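Peer 1: Sending over target-v8.cif (mmCIF, C-alpha atoms).
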data_start
#
loop_
_atom_site.label_atom_id
_atom_site.label_comp_id
_atom_site.auth_asym_id
_atom_site.auth_seq_id
_atom_site.Cartn_x
_atom_site.Cartn_y
_atom_site.Cartn_z
CA MET E 1 87.10 -83.06 54.23
CA ASN E 2 85.55 -79.61 54.08
CA THR E 3 83.90 -79.20 57.47
CA ILE E 4 82.03 -76.01 56.54
CA TRP E 5 80.14 -77.82 53.75
CA MET E 6 79.62 -80.89 55.92
CA TRP E 7 78.16 -78.92 58.85
CA GLY E 8 76.10 -76.77 56.47
CA TRP E 9 74.51 -79.83 54.88
CA ALA E 10 74.02 -81.46 58.29
CA ALA E 11 72.29 -78.32 59.57
CA MET E 12 70.04 -78.25 56.49
CA ALA E 13 69.16 -81.91 56.99
CA LEU E 14 68.26 -81.25 60.61
CA ILE E 15 66.17 -78.19 59.69
CA PHE E 16 64.24 -80.14 57.04
CA LEU E 17 63.62 -83.06 59.41
CA ILE E 18 62.43 -80.76 62.21
CA ALA E 19 60.21 -78.82 59.78
CA GLU E 20 58.64 -82.12 58.66
CA ILE E 21 57.27 -82.57 62.17
CA PHE E 22 55.04 -79.55 61.60
CA THR E 23 53.82 -80.59 58.14
CA THR E 24 52.19 -83.64 56.61
CA GLY E 25 52.96 -85.73 53.59
CA PHE E 26 56.64 -86.71 53.98
CA PHE E 27 57.67 -83.90 51.62
CA LEU E 28 60.34 -82.07 53.62
CA VAL E 29 61.87 -85.31 54.88
CA CYS E 30 62.90 -86.01 51.28
CA PHE E 31 65.05 -82.89 51.27
CA GLY E 32 66.41 -83.84 54.68
CA VAL E 33 67.56 -87.16 53.24
CA GLY E 34 69.12 -85.33 50.27
CA ALA E 35 70.95 -82.93 52.59
CA ALA E 36 72.18 -85.84 54.73
CA ALA E 37 73.55 -87.54 51.61
CA ALA E 38 75.33 -84.32 50.63
CA ALA E 39 76.75 -84.01 54.17
CA LEU E 40 78.14 -87.53 53.88
CA LEU E 41 79.79 -86.64 50.57
CA ALA E 42 81.25 -83.48 52.14
CA TYR E 43 82.64 -85.61 54.98
CA TRP E 44 84.40 -87.76 52.37
CA GLY E 45 85.83 -84.63 50.72
CA VAL E 46 83.82 -84.75 47.49
CA ASP E 47 83.66 -81.57 45.36
CA PRO E 48 80.85 -79.13 46.41
CA PHE E 49 79.37 -79.21 42.88
CA ILE E 50 78.84 -82.98 43.24
CA GLN E 51 77.40 -82.45 46.73
CA VAL E 52 74.78 -80.08 45.31
CA ALA E 53 74.03 -82.51 42.48
CA ALA E 54 73.66 -85.34 45.01
CA PHE E 55 71.35 -83.20 47.15
CA ILE E 56 69.12 -82.49 44.15
CA GLY E 57 69.24 -86.07 42.84
CA VAL E 58 68.65 -87.85 46.15
CA SER E 59 65.87 -85.41 47.08
CA ALA E 60 64.16 -85.91 43.71
CA VAL E 61 64.36 -89.70 43.98
CA ALA E 62 63.04 -89.56 47.55
CA VAL E 63 60.10 -87.40 46.45
CA LEU E 64 59.30 -89.78 43.58
CA LEU E 65 59.45 -92.80 45.90
CA THR E 66 57.31 -91.30 48.66
CA ARG E 67 54.54 -89.75 46.52
CA PRO E 68 52.68 -93.03 45.84
CA LEU E 69 52.97 -94.01 49.50
CA THR E 70 51.61 -90.71 50.80
CA ARG E 71 48.82 -90.68 48.23
CA ARG E 72 47.77 -94.19 49.28
CA LEU E 73 47.94 -93.33 52.99
CA ASN E 74 45.86 -90.19 52.50
CA GLU E 75 43.18 -92.11 50.58
CA GLN E 76 42.94 -94.80 53.26
CA HIS E 77 42.62 -92.41 56.16
CA LYS E 78 39.89 -89.94 55.49
CA ASN E 79 39.84 -88.42 58.92
CA PHE E 80 36.38 -87.00 59.22
CA VAL E 81 35.81 -84.89 62.29
CA GLY E 82 32.68 -84.10 64.24
CA SER E 83 29.49 -85.33 62.65
CA ASP E 84 31.32 -85.93 59.35
CA ARG E 85 32.88 -89.06 60.86
CA VAL E 86 29.70 -91.01 60.00
CA LEU E 87 29.82 -90.13 56.29
CA GLU E 88 30.24 -93.10 53.94
CA LYS E 89 29.53 -95.56 56.77
CA ARG E 90 26.87 -98.25 56.91
CA ALA E 91 24.06 -98.04 59.44
CA ILE E 92 21.22 -100.27 60.58
CA VAL E 93 17.67 -98.93 60.60
CA LEU E 94 16.28 -99.07 64.15
CA SER E 95 12.85 -97.67 63.34
CA GLU E 96 11.29 -97.37 59.90
CA ILE E 97 12.49 -94.38 57.89
CA ASN E 98 9.40 -92.60 56.57
CA PRO E 99 10.28 -89.17 55.12
CA PRO E 100 6.65 -88.00 54.63
CA LEU E 101 6.05 -88.52 58.35
CA GLY E 102 9.51 -87.22 59.30
CA VAL E 103 10.41 -90.31 61.31
CA GLY E 104 13.31 -92.71 61.19
CA LEU E 105 16.20 -93.77 63.37
CA VAL E 106 19.48 -95.47 62.48
CA ARG E 107 22.52 -96.70 64.40
CA VAL E 108 25.98 -95.86 63.07
CA ASP E 109 28.71 -97.55 65.10
CA ALA E 110 27.37 -97.08 68.64
CA GLU E 111 25.42 -93.87 68.00
CA GLU E 112 21.75 -93.38 67.17
CA TRP E 113 20.80 -90.73 64.62
CA ARG E 114 17.56 -89.43 63.13
CA ALA E 115 17.50 -90.26 59.44
CA THR E 116 15.69 -89.65 56.19
CA SER E 117 16.06 -91.39 52.85
CA GLU E 118 17.81 -89.85 49.88
CA ASP E 119 14.92 -90.28 47.46
CA GLY E 120 11.98 -89.95 49.87
CA ARG E 121 11.02 -93.63 49.92
CA VAL E 122 10.25 -95.64 53.04
CA ILE E 123 13.04 -97.90 54.34
CA ALA E 124 12.07 -100.81 56.58
CA LYS E 125 13.38 -101.53 60.05
CA ASP E 126 16.57 -103.68 60.23
CA ALA E 127 17.64 -102.67 56.70
CA ILE E 128 21.27 -101.77 56.09
CA VAL E 129 21.77 -98.25 54.74
CA GLU E 130 24.70 -96.05 53.74
CA VAL E 131 25.11 -92.51 55.05
CA ILE E 132 25.57 -90.14 52.11
CA ARG E 133 25.29 -86.71 53.75
CA ILE E 134 24.14 -84.83 56.81
CA GLU E 135 21.40 -82.21 56.85
CA GLY E 136 21.33 -80.47 60.19
CA THR E 137 21.07 -83.22 62.79
CA ARG E 138 19.57 -85.77 60.42
CA LEU E 139 21.45 -88.28 58.30
CA VAL E 140 20.47 -88.72 54.67
CA VAL E 141 20.78 -92.39 53.78
CA ARG E 142 20.19 -94.80 50.92
CA PRO E 143 19.74 -98.57 50.98
CA SER E 144 23.10 -100.32 51.01
CA GLN E 145 24.19 -102.30 47.95
CA VAL E 146 25.06 -105.14 50.33
CA ASP E 147 21.49 -105.23 51.66
CA ALA E 148 20.09 -105.16 48.10
CA LEU E 149 22.23 -108.16 47.12
CA ILE E 150 21.01 -110.17 50.11
CA GLU E 151 17.35 -109.59 49.16
CA GLU E 152 17.85 -110.81 45.55
#
Would it be possible to restate this file's structure as structure tokens?
Peer 2:
Amino acid sequence: MNTIWMWGWAAMALIFLIAEIFTTGFFLVCFGVGAAAAALLAYWGVDPFIQVAAFIGVSAVAVLLTRPLTRRLNEQHKNFVGSDRVLEKRAIVLSEINPPLGVGLVRVDAEEWRATSEDGRVIAKDAIVEVIRIEGTRLVVRPSQVDALIEE
């Protein structure tokens, strides 16, 4: 057992795992796992060349295995902040949306917002709409596909 190599790999693993706390995406943890595998090989007295190869190989496999997971997690959790949190959500029309008159009110989750339609047409009260963007303090909406299917 070569303790210098073992403690060096263990320190690298710890550094990568601590650094992962300050980043996102499970990228550095892959190298931490690779360094931990190399530390285990050093503990068993395996040649340093093989330790380095194991570090590279295990890290590469870990990266390849975690990429699809992190991509899927990032797609599922679009963390909008501030007013952007209502983007892509459905809303119910509380008072008729009439862009020429500049009136219209919708409820998104538990909040009421002034609204206008995307194409300038009138949208009736109680219709379901989708929020597509925000202009100032007013939501720009379009009739929801779900609501259109119910009417047909």
Peer 1: Any chance you could resolve the PyMOL selection byres ((chain E and resi 36) around 10) against this file and give the residues as a PyMOL selection string?
Peer 2: chain E and resi 6+9-14+30-35+37-42+54-55+58-59
Peer 1: Mind telling me what the PyMOL selection byres ((chain E and resi 134) around 9) catches here, as a list of chain:residue names?
Peer 2: E:Ser83, E:Asp84, E:Val86, E:Leu87, E:Ala115, E:Val131, E:Ile132, E:Arg133, E:Glu135, E:Gly136, E:Thr137, E:Arg138, E:Leu139, E:Val140, E:Val141
Peer 1: Pull C-alpha atoms from the residues just selected and write them as a tab-separated table (two decimals), keeping the file's coordinate frame.
Peer 2:
chain	number	residue	atom	x	y	z
E	83	SER	CA	29.49	-85.33	62.65
E	84	ASP	CA	31.32	-85.93	59.35
E	86	VAL	CA	29.70	-91.01	60.00
E	87	LEU	CA	29.82	-90.13	56.29
E	115	ALA	CA	17.50	-90.26	59.44
E	131	VAL	CA	25.11	-92.51	55.05
E	132	ILE	CA	25.57	-90.14	52.11
E	133	ARG	CA	25.29	-86.71	53.75
E	135	GLU	CA	21.40	-82.21	56.85
E	136	GLY	CA	21.33	-80.47	60.19
E	137	THR	CA	21.07	-83.22	62.79
E	138	ARG	CA	19.57	-85.77	60.42
E	139	LEU	CA	21.45	-88.28	58.30
E	140	VAL	CA	20.47	-88.72	54.67
E	141	VAL	CA	20.78	-92.39	53.78
Peer 1: Run through the PyMOL selection byres ((chain E and resi 109) around 9) on the given coordinates and return the selected residues as a ChimeraX atom specification.
Peer 2: /E:86,89-91,107-108,110-112
Peer 1: Which residue gives the smallest distance to Val61 in chain E among E:Val93, E:Gly102, E:Phe27, E:Phe49, with only C-alpha atoms counted?
Peer 2: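 Checking each of E:Val93, E:Gly102, E:Phe27, E:Phe49 against Val61 in chain E, counting only C-alpha atoms, the winner is E:Phe27.
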Peer 1: Between CA of Trp5 in chain E and CA of Tyr43 in chain E, what is the distance in Å, rounded to a tenth?
Peer 2: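 Straight-line distance from CA of Trp5 in chain E to CA of Tyr43 in chain E works out to 8.3 Å.
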Peer 1: Between CA of Ile4 in chain E and CA of Leu28 in chain E, what is the distance in Å, rounded to a tenth?
Peer 2: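 It comes out at 22.7 Å.
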